[in-house]
Every structure is written in structure tokens, then in C-alpha cells.
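Chemist: Input structure: input.cif, which contains mmCIF, C-alpha atoms.
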```
data_input
loop_
_atom_site.group_PDB
_atom_site.id
_atom_site.type_symbol
_atom_site.label_atom_id
_atom_site.label_comp_id
_atom_site.auth_asym_id
_atom_site.auth_seq_id
_atom_site.Cartn_x
_atom_site.Cartn_y
_atom_site.Cartn_z
ATOM 1 C CA MET A 24 -38.736 65.047 23.134
ATOM 2 C CA PRO A 25 -35.608 64.033 21.159
ATOM 3 C CA VAL A 26 -34.369 60.432 21.469
ATOM 4 C CA PRO A 27 -30.797 60.152 22.804
ATOM 5 C CA ARG A 28 -28.184 59.331 20.155
ATOM 6 C CA SER A 29 -26.977 56.234 22.144
ATOM 7 C CA ARG A 30 -30.479 54.723 22.073
ATOM 8 C CA ILE A 31 -30.694 55.248 18.308
ATOM 9 C CA SER A 32 -27.329 53.560 17.793
ATOM 10 C CA GLY A 33 -28.296 50.593 19.989
ATOM 11 C CA ARG A 34 -31.580 50.073 18.168
ATOM 12 C CA ALA A 35 -29.798 50.262 14.825
ATOM 13 C CA ARG A 36 -27.302 47.605 15.868
ATOM 14 C CA ILE A 37 -30.075 45.274 17.073
ATOM 15 C CA THR A 38 -32.001 45.758 13.829
ATOM 16 C CA ALA A 39 -28.891 45.113 11.691
ATOM 17 C CA ALA A 40 -27.984 41.962 13.633
ATOM 18 C CA ALA A 41 -31.496 40.599 13.278
ATOM 19 C CA ALA A 42 -31.447 41.258 9.551
ATOM 20 C CA LEU A 43 -28.080 39.510 9.168
ATOM 21 C CA THR A 44 -29.326 36.447 11.097
ATOM 22 C CA ALA A 45 -32.420 36.225 8.921
ATOM 23 C CA THR A 46 -30.318 36.527 5.762
ATOM 24 C CA LEU A 47 -27.972 33.748 6.839
ATOM 25 C CA ALA A 48 -30.880 31.468 7.692
ATOM 26 C CA LEU A 49 -32.312 32.051 4.235
ATOM 27 C CA VAL A 50 -29.004 31.352 2.489
ATOM 28 C CA LEU A 51 -28.526 28.058 4.321
ATOM 29 C CA THR A 52 -31.896 26.818 3.091
ATOM 30 C CA LEU A 53 -31.156 27.597 -0.570
ATOM 31 C CA PRO A 54 -30.233 24.750 -2.985
ATOM 32 C CA GLY A 55 -26.486 24.197 -3.142
ATOM 33 C CA ALA A 56 -25.795 25.772 0.238
ATOM 34 C CA ALA A 57 -24.497 22.434 1.555
ATOM 35 C CA SER A 58 -21.723 22.434 -1.046
ATOM 36 C CA ALA A 59 -19.716 24.710 1.206
ATOM 37 C CA ALA A 60 -19.312 21.880 3.740
ATOM 38 C CA PRO A 61 -15.942 20.067 3.849
ATOM 39 C CA VAL A 62 -15.684 17.144 1.441
ATOM 40 C CA PRO A 63 -14.855 13.922 3.351
ATOM 41 C CA THR A 64 -11.669 12.115 2.410
ATOM 42 C CA ASP A 65 -11.126 8.400 1.885
ATOM 43 C CA PRO A 66 -10.043 7.016 4.259
ATOM 44 C CA PRO A 67 -11.689 9.292 6.845
ATOM 45 C CA GLY A 68 -9.512 11.047 9.372
ATOM 46 C CA PRO A 69 -6.172 12.817 9.163
ATOM 47 C CA ILE A 70 -4.172 12.364 5.973
ATOM 48 C CA PRO A 71 -0.738 10.871 6.736
ATOM 49 C CA PRO A 72 2.476 12.493 5.509
ATOM 50 C CA ARG A 73 3.469 11.711 1.942
ATOM 51 C CA GLY A 74 6.010 8.913 1.872
ATOM 52 C CA SER A 75 4.619 7.150 4.937
ATOM 53 C CA ALA A 76 2.550 4.584 3.008
ATOM 54 C CA HIS A 77 3.382 0.922 3.517
ATOM 55 C CA MET A 78 2.012 -2.504 2.671
ATOM 56 C CA GLY A 79 -1.412 -3.158 4.106
ATOM 57 C CA MET A 80 -1.984 0.164 5.825
ATOM 58 C CA GLY A 81 -5.591 0.208 4.569
ATOM 59 C CA VAL A 82 -6.459 -3.457 5.115
ATOM 60 C CA ILE A 83 -8.007 -3.274 8.583
ATOM 61 C CA ALA A 84 -9.948 -0.066 7.854
ATOM 62 C CA HIS A 85 -11.505 -1.507 4.683
ATOM 63 C CA ASP A 86 -11.536 -5.298 5.138
ATOM 64 C CA GLY A 87 -11.397 -5.753 8.897
ATOM 65 C CA GLN A 88 -9.285 -8.227 10.842
ATOM 66 C CA GLY A 89 -9.982 -11.754 12.027
ATOM 67 C CA PRO A 90 -8.034 -14.317 14.076
ATOM 68 C CA LEU A 91 -4.627 -15.524 12.997
ATOM 69 C CA PRO A 92 -4.600 -18.480 10.573
ATOM 70 C CA HIS A 93 -4.445 -21.996 11.946
ATOM 71 C CA GLY A 94 -1.551 -24.332 11.236
ATOM 72 C CA ASN A 95 -1.385 -25.609 7.694
ATOM 73 C CA ARG A 96 0.003 -28.966 6.618
ATOM 74 C CA ALA A 97 1.110 -27.513 3.290
ATOM 75 C CA ALA A 98 4.689 -26.259 3.249
ATOM 76 C CA GLN A 99 4.900 -22.509 3.781
ATOM 77 C CA THR A 100 7.855 -20.261 4.458
ATOM 78 C CA GLU A 101 7.656 -17.330 6.866
ATOM 79 C CA GLY A 102 8.663 -13.878 5.688
ATOM 80 C CA VAL A 103 8.275 -10.217 6.600
ATOM 81 C CA ASP A 104 7.877 -6.869 4.878
ATOM 82 C CA VAL A 105 9.298 -3.658 6.307
ATOM 83 C CA SER A 106 9.443 0.064 5.585
ATOM 84 C CA SER A 107 10.705 3.175 7.331
ATOM 85 C CA HIS A 108 8.139 2.562 10.105
ATOM 86 C CA GLN A 109 10.331 -0.219 11.504
ATOM 87 C CA GLY A 110 13.551 1.806 11.394
ATOM 88 C CA ASN A 111 16.669 -0.291 11.966
ATOM 89 C CA VAL A 112 15.447 -3.892 12.044
ATOM 90 C CA ASP A 113 16.812 -6.629 14.317
ATOM 91 C CA TRP A 114 17.461 -9.102 11.505
ATOM 92 C CA PRO A 115 19.302 -11.728 13.617
ATOM 93 C CA ALA A 116 16.270 -11.953 15.923
ATOM 94 C CA LEU A 117 13.932 -12.436 12.967
ATOM 95 C CA TRP A 118 16.209 -15.057 11.437
ATOM 96 C CA ASN A 119 16.355 -16.970 14.721
ATOM 97 C CA SER A 120 12.548 -16.854 14.939
ATOM 98 C CA GLY A 121 12.239 -18.694 11.608
ATOM 99 C CA VAL A 122 11.868 -15.837 9.128
ATOM 100 C CA LYS A 123 13.728 -16.764 5.919
ATOM 101 C CA TRP A 124 12.821 -14.013 3.461
ATOM 102 C CA ALA A 125 11.999 -10.306 3.471
ATOM 103 C CA TYR A 126 10.732 -7.510 1.275
ATOM 104 C CA VAL A 127 11.824 -3.928 1.930
ATOM 105 C CA LYS A 128 10.082 -0.762 0.788
ATOM 106 C CA ALA A 129 12.417 1.076 -1.562
ATOM 107 C CA THR A 130 10.288 3.837 -3.082
ATOM 108 C CA GLU A 131 6.894 5.490 -3.261
ATOM 109 C CA GLY A 132 5.413 7.379 -6.193
ATOM 110 C CA ASN A 133 8.129 9.399 -7.893
ATOM 111 C CA TYR A 134 9.094 11.434 -4.826
ATOM 112 C CA TYR A 135 10.158 9.214 -1.903
ATOM 113 C CA LYS A 136 12.974 6.803 -1.059
ATOM 114 C CA ASN A 137 13.088 4.832 2.185
ATOM 115 C CA PRO A 138 15.896 6.301 4.338
ATOM 116 C CA TYR A 139 16.336 2.925 6.101
ATOM 117 C CA PHE A 140 16.562 0.957 2.861
ATOM 118 C CA THR A 141 20.277 0.143 3.101
ATOM 119 C CA GLN A 142 20.093 -1.189 6.675
ATOM 120 C CA GLN A 143 16.972 -3.209 5.923
ATOM 121 C CA TYR A 144 17.886 -4.536 2.485
ATOM 122 C CA ASN A 145 21.515 -5.387 3.253
ATOM 123 C CA GLY A 146 20.810 -6.427 6.820
ATOM 124 C CA SER A 147 18.319 -9.101 5.793
ATOM 125 C CA TYR A 148 20.751 -10.374 3.156
ATOM 126 C CA ASN A 149 23.650 -10.473 5.610
ATOM 127 C CA VAL A 150 21.851 -12.811 8.025
ATOM 128 C CA GLY A 151 21.085 -15.221 5.184
ATOM 129 C CA MET A 152 17.608 -14.188 4.071
ATOM 130 C CA ILE A 153 16.406 -14.043 0.485
ATOM 131 C CA ARG A 154 15.215 -10.483 0.043
ATOM 132 C CA GLY A 155 13.632 -8.125 -2.437
ATOM 133 C CA ALA A 156 12.280 -4.583 -2.713
ATOM 134 C CA TYR A 157 8.817 -3.110 -3.156
ATOM 135 C CA HIS A 158 7.331 0.095 -4.518
ATOM 136 C CA PHE A 159 4.171 1.775 -3.186
ATOM 137 C CA GLY A 160 2.370 2.920 -6.310
ATOM 138 C CA THR A 161 0.526 6.243 -6.438
ATOM 139 C CA PRO A 162 -1.084 6.306 -9.897
ATOM 140 C CA ASN A 163 -2.336 9.876 -9.547
ATOM 141 C CA ASP A 164 1.213 11.266 -9.387
ATOM 142 C CA SER A 165 2.829 10.020 -12.596
ATOM 143 C CA SER A 166 2.716 7.234 -15.177
ATOM 144 C CA GLY A 167 3.346 3.589 -14.413
ATOM 145 C CA ALA A 168 6.490 3.676 -16.531
ATOM 146 C CA ASN A 169 7.815 6.701 -14.664
ATOM 147 C CA GLN A 170 7.336 5.023 -11.292
ATOM 148 C CA ALA A 171 8.761 1.684 -12.453
ATOM 149 C CA ASN A 172 11.926 3.455 -13.556
ATOM 150 C CA TYR A 173 12.067 5.403 -10.289
ATOM 151 C CA PHE A 174 11.751 2.102 -8.421
ATOM 152 C CA VAL A 175 14.481 0.304 -10.365
ATOM 153 C CA ASP A 176 16.806 3.275 -10.028
ATOM 154 C CA GLY A 177 16.018 3.485 -6.303
ATOM 155 C CA GLY A 178 16.930 -0.081 -5.313
ATOM 156 C CA GLY A 179 14.191 -2.158 -6.903
ATOM 157 C CA GLY A 180 16.324 -3.932 -9.491
ATOM 158 C CA TRP A 181 17.035 -7.643 -9.712
ATOM 159 C CA SER A 182 20.180 -9.758 -10.037
ATOM 160 C CA ARG A 183 20.576 -13.469 -10.652
ATOM 161 C CA ASP A 184 22.425 -14.174 -7.405
ATOM 162 C CA GLY A 185 19.919 -16.592 -5.884
ATOM 163 C CA LYS A 186 19.266 -14.178 -3.010
ATOM 164 C CA THR A 187 17.272 -11.408 -4.711
ATOM 165 C CA LEU A 188 13.510 -11.635 -5.271
ATOM 166 C CA PRO A 189 11.791 -9.786 -8.138
ATOM 167 C CA GLY A 190 10.393 -6.365 -7.326
ATOM 168 C CA VAL A 191 6.860 -5.838 -6.037
ATOM 169 C CA LEU A 192 4.235 -3.299 -7.040
ATOM 170 C CA ASP A 193 2.201 -2.509 -3.921
ATOM 171 C CA ILE A 194 -1.114 -1.300 -5.346
ATOM 172 C CA GLU A 195 -3.883 -0.762 -2.792
ATOM 173 C CA TRP A 196 -6.017 1.919 -1.150
ATOM 174 C CA ASN A 197 -4.735 5.457 -1.467
ATOM 175 C CA PRO A 198 -3.876 6.671 2.055
ATOM 176 C CA TYR A 199 -3.775 10.277 0.853
ATOM 177 C CA GLY A 200 -7.172 10.540 -0.851
ATOM 178 C CA ALA A 201 -9.725 8.644 -2.943
ATOM 179 C CA SER A 202 -9.197 4.872 -2.836
ATOM 180 C CA CYS A 203 -8.733 4.445 -6.597
ATOM 181 C CA TYR A 204 -6.550 7.538 -7.061
ATOM 182 C CA GLY A 205 -9.195 9.201 -9.219
ATOM 183 C CA LYS A 206 -8.901 6.577 -11.952
ATOM 184 C CA THR A 207 -11.542 4.466 -13.659
ATOM 185 C CA PRO A 208 -11.006 0.679 -13.654
ATOM 186 C CA ALA A 209 -9.780 0.809 -17.256
ATOM 187 C CA GLN A 210 -7.346 3.606 -16.461
ATOM 188 C CA MET A 211 -6.061 1.734 -13.424
ATOM 189 C CA VAL A 212 -5.447 -1.429 -15.456
ATOM 190 C CA ASP A 213 -3.555 0.622 -18.024
ATOM 191 C CA TRP A 214 -1.419 2.187 -15.287
ATOM 192 C CA ILE A 215 -0.558 -1.187 -13.737
ATOM 193 C CA ARG A 216 0.259 -2.630 -17.160
ATOM 194 C CA ASP A 217 2.528 0.346 -17.855
ATOM 195 C CA PHE A 218 4.371 -0.294 -14.585
ATOM 196 C CA VAL A 219 4.858 -4.059 -14.911
ATOM 197 C CA THR A 220 5.776 -3.849 -18.604
ATOM 198 C CA THR A 221 8.442 -1.237 -17.882
ATOM 199 C CA TYR A 222 9.745 -3.168 -14.894
ATOM 200 C CA LYS A 223 10.185 -6.287 -16.985
ATOM 201 C CA ALA A 224 11.925 -4.343 -19.743
ATOM 202 C CA ARG A 225 14.381 -2.953 -17.187
ATOM 203 C CA THR A 226 15.026 -6.145 -15.173
ATOM 204 C CA GLY A 227 13.917 -9.142 -17.217
ATOM 205 C CA ARG A 228 11.510 -10.158 -14.429
ATOM 206 C CA ASP A 229 7.754 -10.001 -14.019
ATOM 207 C CA ALA A 230 6.951 -7.905 -10.972
ATOM 208 C CA VAL A 231 4.958 -9.394 -8.121
ATOM 209 C CA ILE A 232 1.628 -7.616 -7.559
ATOM 210 C CA TYR A 233 0.598 -6.964 -3.962
ATOM 211 C CA THR A 234 -3.070 -6.100 -3.441
ATOM 212 C CA ALA A 235 -6.307 -6.944 -1.625
ATOM 213 C CA THR A 236 -9.219 -8.618 -3.383
ATOM 214 C CA SER A 237 -11.773 -5.972 -2.397
ATOM 215 C CA TRP A 238 -9.572 -3.143 -3.682
ATOM 216 C CA TRP A 239 -8.818 -5.038 -6.893
ATOM 217 C CA LYS A 240 -12.500 -5.643 -7.576
ATOM 218 C CA THR A 241 -13.406 -2.006 -6.975
ATOM 219 C CA CYS A 242 -10.487 -0.256 -8.647
ATOM 220 C CA THR A 243 -9.679 -2.553 -11.600
ATOM 221 C CA GLY A 244 -13.148 -4.019 -12.139
ATOM 222 C CA ASN A 245 -11.655 -7.383 -11.080
ATOM 223 C CA TYR A 246 -9.413 -7.475 -14.138
ATOM 224 C CA ALA A 247 -8.056 -10.971 -14.851
ATOM 225 C CA GLY A 248 -5.220 -10.244 -17.252
ATOM 226 C CA PHE A 249 -2.199 -10.269 -14.932
ATOM 227 C CA GLY A 250 -2.697 -13.693 -13.387
ATOM 228 C CA SER A 251 -0.731 -15.585 -16.034
ATOM 229 C CA THR A 252 2.414 -13.452 -15.713
ATOM 230 C CA ASN A 253 2.652 -11.665 -12.371
ATOM 231 C CA PRO A 254 2.819 -13.572 -9.065
ATOM 232 C CA LEU A 255 0.150 -12.555 -6.552
ATOM 233 C CA TRP A 256 0.845 -11.302 -3.042
ATOM 234 C CA LEU A 257 -2.514 -11.084 -1.279
ATOM 235 C CA ALA A 258 -3.334 -9.075 1.834
ATOM 236 C CA ARG A 259 -5.969 -10.598 4.121
ATOM 237 C CA TYR A 260 -5.811 -10.661 7.899
ATOM 238 C CA ASP A 261 -7.883 -13.709 8.795
ATOM 239 C CA THR A 262 -7.784 -17.455 9.284
ATOM 240 C CA THR A 263 -7.988 -18.242 5.563
ATOM 241 C CA ILE A 264 -6.846 -16.607 2.350
ATOM 242 C CA GLY A 265 -10.421 -16.076 1.148
ATOM 243 C CA GLU A 266 -11.431 -15.054 -2.357
ATOM 244 C CA LEU A 267 -8.634 -14.331 -4.813
ATOM 245 C CA PRO A 268 -8.711 -11.561 -7.422
ATOM 246 C CA ALA A 269 -9.754 -12.669 -10.905
ATOM 247 C CA GLY A 270 -7.076 -14.336 -13.011
ATOM 248 C CA TRP A 271 -5.095 -15.927 -10.183
ATOM 249 C CA GLY A 272 -5.669 -19.544 -9.191
ATOM 250 C CA PHE A 273 -3.448 -19.292 -6.112
ATOM 251 C CA GLN A 274 -1.431 -16.754 -4.170
ATOM 252 C CA THR A 275 2.366 -16.834 -4.131
ATOM 253 C CA ILE A 276 2.524 -14.855 -0.863
ATOM 254 C CA TRP A 277 -0.093 -14.171 1.804
ATOM 255 C CA GLN A 278 0.245 -11.211 4.177
ATOM 256 C CA TYR A 279 -1.806 -12.555 7.057
ATOM 257 C CA THR A 280 -1.135 -10.074 9.893
ATOM 258 C CA SER A 281 0.208 -6.626 10.720
ATOM 259 C CA THR A 282 0.809 -7.518 14.362
ATOM 260 C CA GLY A 283 3.375 -10.310 14.161
ATOM 261 C CA PRO A 284 6.581 -10.562 16.206
ATOM 262 C CA ILE A 285 9.323 -7.904 16.038
ATOM 263 C CA VAL A 286 8.245 -6.013 12.887
ATOM 264 C CA GLY A 287 4.464 -6.429 12.637
ATOM 265 C CA ASP A 288 3.866 -7.437 9.009
ATOM 266 C CA HIS A 289 4.264 -11.202 8.608
ATOM 267 C CA ASN A 290 3.656 -13.315 5.532
ATOM 268 C CA ARG A 291 3.558 -16.895 4.329
ATOM 269 C CA PHE A 292 5.198 -17.886 1.078
ATOM 270 C CA ASN A 293 3.118 -20.583 -0.608
ATOM 271 C CA GLY A 294 5.811 -23.253 -0.635
ATOM 272 C CA ALA A 295 8.955 -24.489 1.054
ATOM 273 C CA LEU A 296 12.207 -22.537 1.028
ATOM 274 C CA ASP A 297 13.271 -24.079 -2.279
ATOM 275 C CA ARG A 298 10.243 -22.403 -3.923
ATOM 276 C CA VAL A 299 11.327 -19.031 -2.535
ATOM 277 C CA GLN A 300 14.751 -19.710 -4.059
ATOM 278 C CA ALA A 301 13.113 -20.667 -7.348
ATOM 279 C CA LEU A 302 11.301 -17.310 -7.483
ATOM 280 C CA ALA A 303 14.582 -15.552 -6.742
ATOM 281 C CA ASN A 304 16.314 -17.438 -9.541
ATOM 282 C CA GLY A 305 13.608 -16.691 -12.048
#
```
Take the structure in the file and give it back as C-alpha cells.

Modeler:
Amino acid sequence: MPVPRSRISGRARITAAAALTATLALVLTLPGAASAAPVPTDPPGPIPPRGSAHMGMGVIAHDGQGPLPHGNRAAQTEGVDVSSHQGNVDWPALWNSGVKWAYVKATEGNYYKNPYFTQQYNGSYNVGMIRGAYHFGTPNDSSGANQANYFVDGGGGWSRDGKTLPGVLDIEWNPYGASCYGKTPAQMVDWIRDFVTTYKARTGRDAVIYTATSWWKTCTGNYAGFGSTNPLWLARYDTTIGELPAGWGFQTIWQYTSTGPIVGDHNRFNGALDRVQALANG
């Protein structure tokens, strides 16, 4: 008796499906099969939009966060750092709260300029603060010299007016990929040197270096060669400053929290207001 065509087709489909399942199971057990899985990024999670990086955005994820620092008998001067995240800043309120200096993000990489820079940079100056500009470095995008020039041309210059601080290189964890931007420690040191050398040639000032000790140790091999020329701005959210990167005997600025009043990022300058003025005057 002939078998109906529909039964033949159904059996053929079942047999084909079983064969495909067995083949897939075999492939997944072969060496190298796992390479098809997504490669995790650093830091984990969604990658933020380019241009959105700001000082300390990787500190809590990598170093954690402790209590706020206790009072210190040594003279320190309160300051803030801001970027496009804060938008138009209420500078009179900050001034009245005791903030006397500010740093404003000007540029990032060789592709981004802070759209709020004018309000933030001029606004802090107009209420009486000593202010300066910072650059978020992305060493995988272009050379240090290229980004230093982009920074100076984008608002990061310096003038001897007693109210302008030298520019800052913000060099820390890469929010868009691998922490060290795909560079070896030696390559990273070369990139930083290229940036600060170019900045000094353009402005006559040694740039301040903003970083975290753990990043510096990992990504520069704890290089000690900048401590004698470039002031240190250290990021650590805890009761004490902790270990410093090699080459620096003290920090000039300490970013101690990202949850301070009005703008979030608050800092202590290691000295009274006259020392802030001295840094501005060179």
C-alpha cells in the first residue's frame, strides 16, 4: 500500500530538523566555538555617547566610594569641576557656598567641544572665581600633540591675568572601551608626554594631570617622570587621599566626591586661596 505524500513530507521534515539539531550541538562543542560570543567591554554595560566623558566618571566603578573626608586643619580651598552634564551652572550659589575656583571641561579627544563652555567658563569668572579648563584625553583617537592643540584652540589656553589656571589633562579610564585605550604603559607615557610638552610649547605652562592612582599604576606602569613638572589632581572618593601615583610627593588638588552640593564634583585645593592664585600666576 503506498504511503501518503503528506506523511512522507512530515517524516522528512522531522528527520531534517533532528539532523540540524545534532549538527549544531556538535559545532558548539568544537574548539573555538565560544569565540562567537560577544566580547565584554570595559567598563561593562552600555557604552555612553562620545563626548559625554567627564572627570571621575570611572572612579566609583573601579575604585569604589567611601565616606566624605573629615575636617582638616591644613588650609584647603574648595573648588568644583563641571562639564556639559551640569548645563547652565548657578555660579552665584556656588560662590556663596564657599567655592572659590572652578575647572570647566572644554574639549574631548579631537572631536568634541563642550556646548556649555562659555556659560560655565565666563560665569565662574564673573562671580569672582579663579577658573581654568580641562581636556578629556582619548589616546586611541589621535596623538597627544594633536589633542593638546585641539584643547588650546578650543578654550584651554592660559593668560597671565591672575584669574586663569593652567589647563588640565584628564587621563583616566576609557568610558568607551578598554581602560588603557589599547596602549601599553610605555605607549601611554609617550602619549601623555606628547600632550604636556605640546601644551607647554603653546601656553608656557605645565599642564595639571588629573588621574586616579589605580589607573596610573595599571596604564602607565606607575611612571614617575611627571611629578617634578606637572601638578597632580588626584581622584579618590574617601576620607583620605590614599596612595599617590609614583613621582608625586603631594597632590595639588583632590577630587573627593561626585555628590557634592549643586554640581556634584567637589574638590579641595591643597592650600589657601593665595596658593590657588599662585598657580594661576605661574

Chemist: Where does the PyMOL selection byres ((chain A and resi 210) around 12) land in this file, that is, which residues does it pick, as an MDAnalysis selection string?

Modeler: chainID A and resid 162:163 166:167 203:209 211:217 242:244 246

Chemist: Return as a ChimeraX atom specification the set of residues that the PyMOL selection byres ((chain A and resi 125) around 8) yields on the displayed structure.

Modeler: /A:102-105,122-124,126-127,147,152-155

Chemist: Considering all atoms listed in the file, return as a PyMOL selection string whatever protein or nucleic-acid residues lie within 8 Å of A:Glu195, sequence-local ones (same chain, fewer than 6 positions apart) excluded.

Modeler: chain A and resi 79+81+202+233-235+238-239

Chemist: Please produce a file of those selected residues containing C-alpha atoms, as a PDB file, in the frame of the given file.

Modeler:
```pdb
ATOM      1  CA  GLY A  79      -1.412  -3.158   4.106  1.00  0.00           C
ATOM      2  CA  GLY A  81      -5.591   0.208   4.569  1.00  0.00           C
ATOM      3  CA  SER A 202      -9.197   4.872  -2.836  1.00  0.00           C
ATOM      4  CA  TYR A 233       0.598  -6.964  -3.962  1.00  0.00           C
ATOM      5  CA  THR A 234      -3.070  -6.100  -3.441  1.00  0.00           C
ATOM      6  CA  ALA A 235      -6.307  -6.944  -1.625  1.00  0.00           C
ATOM      7  CA  TRP A 238      -9.572  -3.143  -3.682  1.00  0.00           C
ATOM      8  CA  TRP A 239      -8.818  -5.038  -6.893  1.00  0.00           C
TER       9      TRP A 239
END
```

Chemist: State, in Å with one decimal place, the distance from atom CA of A:Arg259 to atom CA of A:Thr236.

Modeler: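 Separation of atom CA of A:Arg259 and atom CA of A:Thr236: 8.4 Å.
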
Chemist: Give me the result of the PyMOL selection byres ((chain A and resi 80) around 9) on this file, residue by residue, as a list of chain:residue names.

Modeler: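 Selected by the PyMOL selection byres ((chain A and resi 80) around 9) here: A:Ala76, A:His77, A:Met78, A:Gly79, A:Gly81, A:Val82, A:Ile83, A:Ala84, A:Glu195, A:Trp196, A:Pro198, A:Ser281.
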
Chemist: Would you save the residues from that selection as a PDB file, keeping the file's coordinate frame, using C-alpha atoms?

Modeler:
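Below you can see result_34.pdb, which holds the result:
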```
ATOM      1  CA  ALA A  76       2.550   4.584   3.008  1.00  0.00           C
ATOM      2  CA  HIS A  77       3.382   0.922   3.517  1.00  0.00           C
ATOM      3  CA  MET A  78       2.012  -2.504   2.671  1.00  0.00           C
ATOM      4  CA  GLY A  79      -1.412  -3.158   4.106  1.00  0.00           C
ATOM      5  CA  GLY A  81      -5.591   0.208   4.569  1.00  0.00           C
ATOM      6  CA  VAL A  82      -6.459  -3.457   5.115  1.00  0.00           C
ATOM      7  CA  ILE A  83      -8.007  -3.274   8.583  1.00  0.00           C
ATOM      8  CA  ALA A  84      -9.948  -0.066   7.854  1.00  0.00           C
ATOM      9  CA  GLU A 195      -3.883  -0.762  -2.792  1.00  0.00           C
ATOM     10  CA  TRP A 196      -6.017   1.919  -1.150  1.00  0.00           C
ATOM     11  CA  PRO A 198      -3.876   6.671   2.055  1.00  0.00           C
ATOM     12  CA  SER A 281       0.208  -6.626  10.720  1.00  0.00           C
TER      13      SER A 281
END
```

Chemist: How many Å separate atom CA of A:Ser182 from atom CA of A:Val231?

Modeler: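 A separation of 15.3 Å between them.
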
Chemist: Go through A:Gly110, A:Asn290, A:Gly305, A:Gly248 and flag the residue nearest A:Gly190, using all atoms listed in the file for the distances.

Modeler: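 Smallest distance to A:Gly190 is found for A:Gly305.
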
Chemist: Can you pull out every residue within 7 Å of A:Ala303, counting all atoms listed in the file, but drop anything in the same chain fewer than 5 positions away, and send it as a list of chain:residue names?

Modeler: A:Gly185, A:Lys186, A:Thr187, A:Leu188, A:Pro189

Chemist: Enclose all atoms of stretch 115-118 of chain A listed in the file in an axis-aligned box, grow every side by 4 Å, and hand back centre and edge lengths in Å to one decimal, as AutoDock Vina command-line options.

Modeler:
```
--center_x 16.6 --center_y -13.4 --center_z 13.7 --size_x 13.4 --size_y 11.3 --size_z 12.5
```

Chemist: Near A:Asn111, counting all atoms listed in the file, which residues have an atom at most 8 Å away, once you skip same-chain residues fewer than 5 positions from it, shown as a ChimeraX atom specification?

Modeler: /A:139,142-143

Chemist: Taking into account all atoms listed in the file, which residue in the set A:Asn293, A:Pro71, A:Lys240, A:Pro254 is nearest to A:Pro268?

Modeler: A:Lys240
